[in-house]
$ cat protein-v3.cif   # mmCIF, C-alpha atoms
data_protein
loop_
_atom_site.label_atom_id
_atom_site.label_comp_id
_atom_site.auth_asym_id
_atom_site.auth_seq_id
_atom_site.Cartn_x
_atom_site.Cartn_y
_atom_site.Cartn_z
CA MET A 25 -74.66 10.59 3.28
CA ARG A 26 -72.14 11.89 0.74
CA SER A 27 -73.60 13.67 -2.35
CA LYS A 28 -72.42 12.62 -5.90
CA GLY A 29 -70.65 15.04 -8.35
CA PHE A 30 -67.48 17.10 -8.47
CA THR A 31 -66.33 19.54 -5.87
CA LEU A 32 -65.68 23.16 -6.83
CA LEU A 33 -61.95 22.55 -6.46
CA GLU A 34 -62.04 19.66 -8.97
CA VAL A 35 -63.96 21.72 -11.52
CA ILE A 36 -61.55 24.64 -11.16
CA LEU A 37 -58.59 22.28 -11.55
CA VAL A 38 -59.97 20.67 -14.73
CA LEU A 39 -60.84 24.05 -16.25
CA GLY A 40 -57.35 25.31 -15.38
CA ILE A 41 -55.73 22.36 -17.14
CA LEU A 42 -57.93 22.85 -20.22
CA VAL A 43 -57.14 26.57 -20.32
CA ILE A 44 -53.42 25.83 -20.32
CA ILE A 45 -53.25 22.77 -22.60
CA LEU A 46 -55.94 23.47 -25.22
CA PRO A 47 -54.39 26.69 -26.67
CA LEU A 48 -50.98 25.01 -26.61
CA GLY A 49 -52.33 21.97 -28.43
CA PHE A 50 -54.18 24.05 -31.03
CA SER A 51 -51.18 26.29 -31.73
CA ILE A 52 -48.92 23.26 -32.24
CA PHE A 53 -51.57 21.65 -34.46
CA LEU A 54 -51.81 24.80 -36.59
CA ALA A 55 -48.02 25.05 -36.86
CA THR A 56 -47.92 21.40 -37.96
CA SER A 57 -50.59 22.02 -40.61
CA ARG A 58 -48.68 25.02 -41.95
CA ALA A 59 -45.39 23.07 -42.01
CA GLN A 60 -47.05 20.16 -43.82
CA LEU A 61 -48.44 22.53 -46.45
CA LYS A 62 -44.95 24.01 -46.91
CA VAL A 63 -43.49 20.51 -47.38
CA TYR A 64 -46.16 19.71 -49.98
CA VAL A 65 -45.47 22.94 -51.87
CA LEU A 66 -41.67 22.46 -51.75
CA HIS A 67 -42.00 18.86 -52.87
CA ASN A 68 -44.25 19.89 -55.76
CA VAL A 69 -41.87 22.64 -56.91
CA LYS A 70 -38.83 20.35 -56.65
CA ARG A 71 -40.57 17.49 -58.46
CA ASN A 72 -41.51 19.79 -61.36
CA GLY A 73 -38.02 21.33 -61.52
CA ASP A 74 -36.24 17.98 -61.35
CA THR A 75 -38.44 16.48 -64.06
CA ALA A 76 -38.06 19.45 -66.41
CA LEU A 77 -34.28 19.60 -65.93
CA SER A 78 -33.88 15.86 -66.44
CA ILE A 79 -35.96 15.77 -69.64
CA MET A 80 -34.19 18.79 -71.16
CA GLN A 81 -30.76 17.41 -70.19
CA ASN A 82 -31.43 14.01 -71.73
CA LEU A 83 -32.94 15.38 -74.93
CA ILE A 84 -30.14 17.90 -75.50
CA LYS A 85 -27.40 15.44 -74.55
CA THR A 86 -28.60 12.50 -76.63
CA ARG A 87 -30.59 14.01 -79.52
CA ALA A 88 -29.13 17.42 -80.36
CA LEU A 89 -26.74 17.42 -83.28
CA SER A 90 -26.44 21.15 -83.91
CA LEU A 91 -27.99 24.46 -82.91
CA GLN A 92 -29.90 27.03 -84.91
CA GLN A 93 -31.79 30.28 -84.54
CA SER A 94 -35.47 30.43 -85.46
CA ASP A 95 -34.58 31.53 -89.01
CA GLY A 96 -32.43 28.42 -89.50
CA SER A 97 -29.03 30.09 -89.29
CA ALA A 98 -26.45 28.02 -87.42
CA ILE A 99 -25.19 29.13 -83.99
CA CYS A 100 -22.19 27.92 -81.98
CA SER A 101 -21.01 26.02 -85.05
CA SER A 102 -17.64 27.73 -85.33
CA ALA A 103 -15.08 28.17 -82.60
CA PRO A 104 -14.70 30.27 -80.62
CA SER A 105 -18.29 31.52 -80.60
CA SER A 106 -21.18 32.04 -78.22
CA TYR A 107 -24.87 32.85 -78.43
CA SER A 108 -27.13 34.21 -75.71
CA SER A 109 -29.99 35.95 -77.48
CA GLY A 110 -32.79 33.55 -76.68
CA ASP A 111 -34.38 31.51 -79.45
CA VAL A 112 -32.21 28.39 -79.54
CA TYR A 113 -33.37 25.49 -81.70
CA PHE A 114 -31.76 22.05 -81.60
CA VAL A 115 -31.50 19.89 -84.71
CA ASP A 116 -31.45 16.09 -84.38
CA ALA A 117 -30.06 13.39 -86.72
CA ASP A 118 -33.36 13.21 -88.66
CA ASP A 119 -33.22 16.96 -89.29
CA ASN A 120 -36.15 17.56 -86.92
CA ARG A 121 -35.95 20.76 -84.87
CA PHE A 122 -36.86 20.99 -81.21
CA ARG A 123 -36.67 23.74 -78.65
CA PHE A 124 -37.56 24.68 -75.09
CA TYR A 125 -39.30 27.92 -74.18
CA ILE A 126 -41.72 29.48 -71.71
CA SER A 127 -45.43 29.54 -72.52
CA ASP A 128 -48.06 30.59 -69.94
CA ASN A 129 -45.37 30.43 -67.23
CA LYS A 130 -44.73 26.77 -68.03
CA ILE A 131 -41.69 25.17 -69.67
CA ALA A 132 -42.76 23.99 -73.11
CA SER A 133 -40.98 21.50 -75.32
CA GLU A 134 -41.71 21.91 -79.02
CA SER A 135 -40.65 19.43 -81.67
CA SER A 136 -41.36 19.51 -85.39
CA SER A 137 -42.21 15.80 -85.24
CA ILE A 138 -44.19 15.60 -81.96
CA GLY A 139 -45.62 19.08 -81.40
CA VAL A 140 -45.80 20.98 -78.13
CA SER A 141 -45.81 19.38 -74.68
CA PHE A 142 -45.37 20.98 -71.28
CA LEU A 143 -42.66 19.87 -68.87
CA THR A 144 -44.19 21.60 -65.82
CA ASN A 145 -47.77 21.66 -64.56
CA GLU A 146 -50.18 24.47 -63.67
CA GLN A 147 -49.33 24.39 -59.97
CA VAL A 148 -45.89 25.90 -60.57
CA SER A 149 -44.72 28.99 -62.40
CA VAL A 150 -41.58 29.60 -64.47
CA PRO A 151 -41.39 33.28 -65.47
CA SER A 152 -39.97 33.89 -68.93
CA GLY A 153 -37.32 36.18 -67.42
CA GLY A 154 -36.15 33.33 -65.21
CA PHE A 155 -35.45 30.97 -68.12
CA SER A 156 -32.15 31.10 -69.99
CA LEU A 157 -30.68 28.92 -72.71
CA THR A 158 -27.29 29.88 -74.16
CA CYS A 159 -24.47 28.12 -75.96
CA ASN A 160 -20.78 28.51 -76.60
CA ARG A 161 -18.07 26.63 -78.39
CA ALA A 162 -14.53 27.12 -77.19
CA THR A 163 -12.49 25.04 -79.61
CA PRO A 164 -13.08 23.33 -82.97
CA PHE A 165 -12.27 20.01 -81.30
CA SER A 166 -15.08 20.12 -78.74
CA PRO A 167 -18.87 20.11 -79.33
CA PRO A 168 -20.94 23.15 -78.33
CA LEU A 169 -21.71 23.58 -74.65
CA VAL A 170 -25.29 24.53 -73.77
CA ALA A 171 -25.95 26.42 -70.51
CA LEU A 172 -29.44 26.06 -69.14
CA SER A 173 -30.95 27.79 -66.12
CA PHE A 174 -34.41 28.53 -64.79
CA SER A 175 -36.23 29.57 -61.63
CA ILE A 176 -39.36 27.73 -60.63
CA SER A 177 -41.84 28.71 -57.95
CA GLN A 178 -45.25 27.73 -56.65
CA ALA A 179 -48.05 29.47 -58.51
CA ALA A 180 -49.57 30.60 -55.19
CA SER A 181 -52.86 32.47 -55.12
CA THR A 182 -52.15 33.89 -51.66
CA SER A 183 -49.16 35.56 -50.08
CA ARG A 184 -49.03 33.17 -47.12
CA ALA A 185 -45.44 32.13 -46.43
CA GLU A 186 -46.27 28.44 -46.27
CA GLU A 187 -47.64 28.56 -49.83
CA GLN A 188 -44.48 30.14 -51.23
CA ALA A 189 -41.50 28.16 -52.51
CA ALA A 190 -38.93 28.88 -55.19
CA LEU A 191 -35.93 26.90 -56.42
CA ASN A 192 -33.20 27.71 -58.95
CA TYR A 193 -31.86 25.20 -61.44
CA GLN A 194 -28.81 25.42 -63.69
CA THR A 195 -26.60 23.04 -65.61
CA LYS A 196 -24.33 22.80 -68.63
CA ILE A 197 -24.70 20.14 -71.29
CA ARG A 198 -22.22 19.10 -73.95
CA LEU A 199 -23.82 17.91 -77.20
CA ARG A 200 -22.83 14.25 -77.37
CA ALA A 201 -24.48 13.52 -80.72
CA TYR A 202 -22.46 16.31 -82.37
CA MET B 26 -58.66 10.32 -10.97
CA PHE B 27 -60.63 11.98 -13.77
CA THR B 28 -58.29 14.98 -13.68
CA ALA B 29 -55.23 12.72 -13.89
CA ILE B 30 -56.61 10.83 -16.92
CA LEU B 31 -57.64 14.06 -18.68
CA THR B 32 -54.20 15.58 -18.10
CA THR B 33 -52.44 12.48 -19.38
CA VAL B 34 -54.58 12.33 -22.54
CA MET B 35 -54.09 16.02 -23.26
CA LEU B 36 -50.34 15.84 -22.73
CA ALA B 37 -50.15 12.77 -24.97
CA ILE B 38 -51.96 14.66 -27.76
CA VAL B 39 -49.63 17.65 -27.38
CA PHE B 40 -46.57 15.35 -27.41
CA ALA B 41 -47.75 13.51 -30.54
CA THR B 42 -48.47 16.79 -32.35
CA THR B 43 -45.05 18.16 -31.37
CA GLN B 44 -43.33 15.05 -32.74
CA SER B 45 -45.32 15.39 -35.96
CA LEU B 46 -44.22 19.04 -36.25
CA LYS B 47 -40.56 18.08 -35.73
CA GLN B 48 -40.82 15.39 -38.40
CA THR B 49 -42.46 17.80 -40.85
CA ILE B 50 -39.75 20.41 -40.32
CA TYR B 51 -37.13 17.67 -40.84
CA SER B 52 -38.82 16.76 -44.18
CA GLN B 53 -38.79 20.42 -45.21
CA ARG B 54 -35.09 20.73 -44.40
CA LYS B 55 -34.30 17.50 -46.20
CA ILE B 56 -35.99 18.65 -49.44
CA LEU B 57 -34.05 21.94 -49.36
CA SER B 58 -30.73 20.28 -48.50
CA THR B 59 -31.17 17.64 -51.22
CA HIS B 60 -31.79 20.43 -53.72
CA ALA B 61 -28.70 22.30 -52.47
CA ALA B 62 -26.57 19.16 -52.95
CA GLU B 63 -27.99 18.49 -56.43
CA GLU B 64 -27.55 22.15 -57.37
CA LEU B 65 -23.84 21.95 -56.54
CA GLN B 66 -23.54 18.66 -58.41
CA GLU B 67 -25.01 20.26 -61.55
CA TRP B 68 -22.74 23.28 -61.18
CA MET B 69 -19.71 20.98 -60.93
CA ARG B 70 -20.90 19.10 -63.99
CA GLY B 71 -20.88 22.47 -65.76
CA GLU B 72 -17.35 23.21 -64.50
CA LYS B 73 -16.23 19.80 -65.75
CA GLU B 74 -17.85 20.32 -69.17
CA ASN B 75 -16.48 23.82 -69.44
CA ASP B 76 -12.82 23.06 -68.72
CA TRP B 77 -11.84 19.52 -67.83
CA ALA B 78 -8.13 20.36 -67.39
CA THR B 79 -8.82 22.98 -64.72
CA PHE B 80 -11.55 20.95 -63.05
CA SER B 81 -9.49 17.75 -62.85
CA ALA B 82 -6.57 19.65 -61.31
CA ARG B 83 -8.62 20.40 -58.20
CA SER B 84 -8.63 18.12 -55.21
CA GLY B 85 -9.35 18.46 -51.52
CA THR B 86 -12.23 19.87 -49.52
CA PHE B 87 -14.13 22.99 -50.57
CA CYS B 88 -16.77 25.08 -48.84
CA PHE B 89 -19.68 26.12 -51.08
CA ASN B 90 -21.84 28.29 -48.87
CA GLU B 91 -22.27 30.84 -51.66
CA ASP B 92 -25.33 31.24 -53.86
CA ILE B 93 -24.41 29.09 -56.87
CA ALA B 94 -26.00 31.63 -59.24
CA THR B 95 -23.18 34.06 -58.41
CA CYS B 96 -20.41 31.52 -58.99
CA ASP B 97 -20.16 31.76 -62.79
CA ALA B 98 -19.82 35.52 -62.77
CA SER B 99 -17.41 35.84 -59.86
CA GLY B 100 -15.41 32.66 -60.38
CA THR B 101 -14.48 32.70 -56.70
CA CYS B 102 -16.48 29.72 -55.52
CA TRP B 103 -13.40 27.48 -55.61
CA ASP B 104 -11.38 29.89 -53.50
CA SER B 105 -11.92 28.32 -50.11
CA ASN B 106 -10.00 25.06 -50.70
CA GLN B 107 -10.89 24.07 -47.17
CA ALA B 108 -13.84 22.77 -45.21
CA CYS B 109 -16.44 25.25 -43.97
CA GLU B 110 -16.04 26.63 -40.47
CA ALA B 111 -17.63 24.32 -37.91
CA ASP B 112 -20.54 26.65 -37.19
CA ASP B 113 -20.81 28.32 -40.59
CA TYR B 114 -24.41 27.55 -41.58
CA SER B 115 -24.65 30.66 -43.72
CA LEU B 116 -26.32 29.05 -46.75
CA GLN B 117 -29.89 29.71 -45.56
CA ASN B 118 -29.11 27.77 -42.37
CA PHE B 119 -27.27 25.04 -44.27
CA LYS B 120 -23.59 24.22 -44.67
CA ARG B 121 -22.43 22.79 -48.03
CA GLU B 122 -19.09 21.10 -48.60
CA ALA B 123 -17.53 19.05 -51.38
CA VAL B 124 -14.58 16.69 -51.27
CA LEU B 125 -12.86 16.10 -54.62
CA THR B 126 -10.57 13.11 -55.02
CA VAL B 127 -8.56 12.32 -58.16
CA ASN B 128 -9.05 8.67 -59.03
CA GLY B 129 -6.97 7.96 -62.13
CA SER B 130 -8.72 9.66 -65.04
CA ARG B 131 -11.85 10.22 -62.94
CA ILE B 132 -12.77 12.69 -60.22
CA ASP B 133 -14.75 11.34 -57.29
CA VAL B 134 -16.91 14.04 -55.72
CA SER B 135 -18.60 13.72 -52.35
CA ILE B 136 -21.03 16.53 -51.59
CA SER B 137 -22.48 16.97 -48.11
CA VAL B 138 -25.12 19.42 -46.93
CA PHE B 139 -25.53 19.83 -43.18
CA TRP B 140 -28.09 21.54 -40.99
CA LYS B 141 -28.56 21.89 -37.27
CA ASP B 142 -31.69 21.19 -35.28
CA GLY B 143 -30.98 21.92 -31.64
CA PRO B 144 -27.99 19.84 -30.60
CA ASN B 145 -28.38 17.48 -33.58
CA VAL B 146 -26.56 17.89 -36.89
CA PHE B 147 -28.16 16.24 -39.93
CA GLU B 148 -26.47 15.50 -43.24
CA VAL B 149 -27.55 14.80 -46.81
CA PRO B 150 -24.66 13.14 -48.70
CA LEU B 151 -24.39 12.96 -52.50
CA ILE B 152 -21.58 10.97 -54.10
CA THR B 153 -20.81 11.08 -57.80
CA THR B 154 -17.95 10.48 -60.23
CA PHE B 155 -17.02 12.74 -63.11
CA SER B 156 -15.02 11.54 -66.06
CA ARG B 157 -14.17 13.04 -69.40
CA TRP B 158 -16.31 12.12 -72.37
CA GLU B 159 -14.59 12.18 -75.75
#

$ encode --input "protein-v3.cif" --output "structure tokens"
Amino acid sequence: MRSKGFTLLEVILVLGILVIILPLGFSIFLATSRAQLKVYVLHNVKRNGDTALSIMQNLIKTRALSLQQSDGSAICSSAPSSYSSGDVYFVDADDNRFRFYISDNKIASESSSIGVSFLTNEQVSVPSGGFSLTCNRATPFSPPLVALSFSISQAASTSRAEEQAALNYQTKIRLRAY
Amino acid sequence: MFTAILTTVMLAIVFATTQSLKQTIYSQRKILSTHAAEELQEWMRGEKENDWATFSARSGTFCFNEDIATCDASGTCWDSNQACEADDYSLQNFKREAVLTVNGSRIDVSISVFWKDGPNVFEVPLITTFSRWE
């Protein structure tokens, strides 16, 4: 009469297969998890950067009539001239002033009629040194040209590579309402 | 029989996880390449706004494997006036090209960012038209 159960050879074979495939499966699973986290972080950084750039572009392009410093003195109004010292305020047709600046590592939009709102969320970081807003006017026949650039990165709490992502943005905008 | 079933199930799990990893890496590459294409588009918009006469005089294929942040200072990013070398994926493992075509008073721009994954070459295209606003 034949006894039930596995032979020693079968047990050794199954254990051998598990020893080979399980570590392989786990390492691929971990790599997938890390890659998915990286995709999430990249997507989050890009979404914040795209949104901020788009809002600033549209507001400057369609609403800005002229440019001022914080004390109200006009900049880039004569030609040729340029300004790259930081505090740039835009003035719209209703004489309201608005500006973009960095506050708590977020891009802030401040308007004299609406107040302050943030264009990026807490999950990303825009260092003040990575944000630049300048203007120049080449000829009296063309409106001022505003150059905007910023670097945006994930506000990671760890130094793990999959939680790090940084993207650079830059564009130039001609004042159309000028 | 049991060993054969166990092996098949385990291999199926490993295969599925590997496919998921490949798809995730593809998504990662696509986000970066889309940003690279949009970055060049914005830089070209700046070139157009800065000097329409010079910008509209350019046509042909250009290789933009440089870091765009260095382009304004050096002014050499237009120098190539030719497609990138076939295997030149020097922009963080990407290759970025732009084809400019004069279309009357407009400039049609077709930007392509390529990357390689094994024997496969993937592409993110971005087509836009620039015209002068007065």

$ atom_distance --input "protein-v3.cif" --atom1 "CA of Phe50 in chain A" --atom2 "CA of Lys62 in chain A"
18.4 Å

$ resolve_selection --input "protein-v3.cif" --expression "the PyMOL selection byres ((chain B) within 9 of (chain A))" --output "MDAnalysis selection string"
chainID B and resid 27:28 31:32 35:36 38:40 42:43 45:47 49:50 52:54 56:57 60 64 66:72 74:75 93:94 158:159

$ atom_distance --input "protein-v3.cif" --atom1 "CA of Asn118 in chain B" --atom2 "CA of Asn145 in chain A"
29.6 Å

$ residues_around --input "protein-v3.cif" --residues "Glu134 in chain A" --least-positions-apart "3" --cutoff "6 Å" --atoms "only C-alpha atoms" --output "ChimeraX atom specification"
/A:122-123,139-140

$ residues_around --input "protein-v3.cif" --residues "Ala88 in chain A" --least-positions-apart "3" --cutoff "8 Å" --atoms "all atoms listed in the file" --output "list in words"
Leu83, Ile84, Lys85, Leu91, Phe114, Val115, Asp116, Ala117, Leu199, Arg200, Ala201 and Tyr202 of chain A

$ resolve_selection --input "protein-v3.cif" --expression "the PyMOL selection byres ((chain A and resi 150) around 8)" --output "mmCIF file with C-alpha atoms, in the coordinates of the input"
data_model
loop_
_atom_site.group_PDB
_atom_site.id
_atom_site.type_symbol
_atom_site.label_atom_id
_atom_site.label_comp_id
_atom_site.auth_asym_id
_atom_site.auth_seq_id
_atom_site.Cartn_x
_atom_site.Cartn_y
_atom_site.Cartn_z
ATOM 1 C CA ILE A 126 -41.720 29.480 -71.710
ATOM 2 C CA ASN A 129 -45.370 30.430 -67.230
ATOM 3 C CA LYS A 130 -44.730 26.770 -68.030
ATOM 4 C CA ILE A 131 -41.690 25.170 -69.670
ATOM 5 C CA VAL A 148 -45.890 25.900 -60.570
ATOM 6 C CA SER A 149 -44.720 28.990 -62.400
ATOM 7 C CA PRO A 151 -41.390 33.280 -65.470
ATOM 8 C CA SER A 152 -39.970 33.890 -68.930
ATOM 9 C CA GLY A 154 -36.150 33.330 -65.210
ATOM 10 C CA PHE A 155 -35.450 30.970 -68.120
ATOM 11 C CA PHE A 174 -34.410 28.530 -64.790
ATOM 12 C CA SER A 175 -36.230 29.570 -61.630
ATOM 13 C CA ILE A 176 -39.360 27.730 -60.630
ATOM 14 C CA SER A 177 -41.840 28.710 -57.950
#

$ residues_near_point --input "protein-v3.cif" --point "(-6.9, 17.3, -49.7)" --cutoff "8 Å" --atoms "all atoms listed in the file" --output "JSON list (two decimals) with C-alpha atoms, keeping the file's coordinate frame"
[["chain", "number", "residue", "atom", "x", "y", "z"],
["B", 84, "SER", "CA", -8.63, 18.12, -55.21],
["B", 85, "GLY", "CA", -9.35, 18.46, -51.52],
["B", 86, "THR", "CA", -12.23, 19.87, -49.52],
["B", 124, "VAL", "CA", -14.58, 16.69, -51.27],
["B", 125, "LEU", "CA", -12.86, 16.10, -54.62],
["B", 126, "THR", "CA", -10.57, 13.11, -55.02]]

$ atom_distance --input "protein-v3.cif" --atom1 "CA of Ser78 in chain A" --atom2 "CA of Ala61 in chain B"
16.2 Å

$ resolve_selection --input "protein-v3.cif" --expression "the PyMOL selection byres ((chain B and resi 128) around 10)" --output "list in words"
Ser81, Leu125, Thr126, Val127, Gly129, Ser130, Arg131, Ile132, Asp133, Thr154, Phe155 and Ser156 of chain B

$ closest_residue --input "protein-v3.cif" --among "A:Phe142, A:Ala103, A:Lys28, A:Arg87" --to "Asn120 in chain A" --atoms "only C-alpha atoms"
A:Arg87

$ residues_near_point --input "protein-v3.cif" --point "(-21.6, 23.6, -44.8)" --cutoff "7 Å" --atoms "all atoms listed in the file" --output "list of chain:residue names"
B:Cys88, B:Asn90, B:Cys109, B:Asp113, B:Tyr114, B:Phe119, B:Lys120, B:Arg121, B:Glu122, B:Val138, B:Phe139
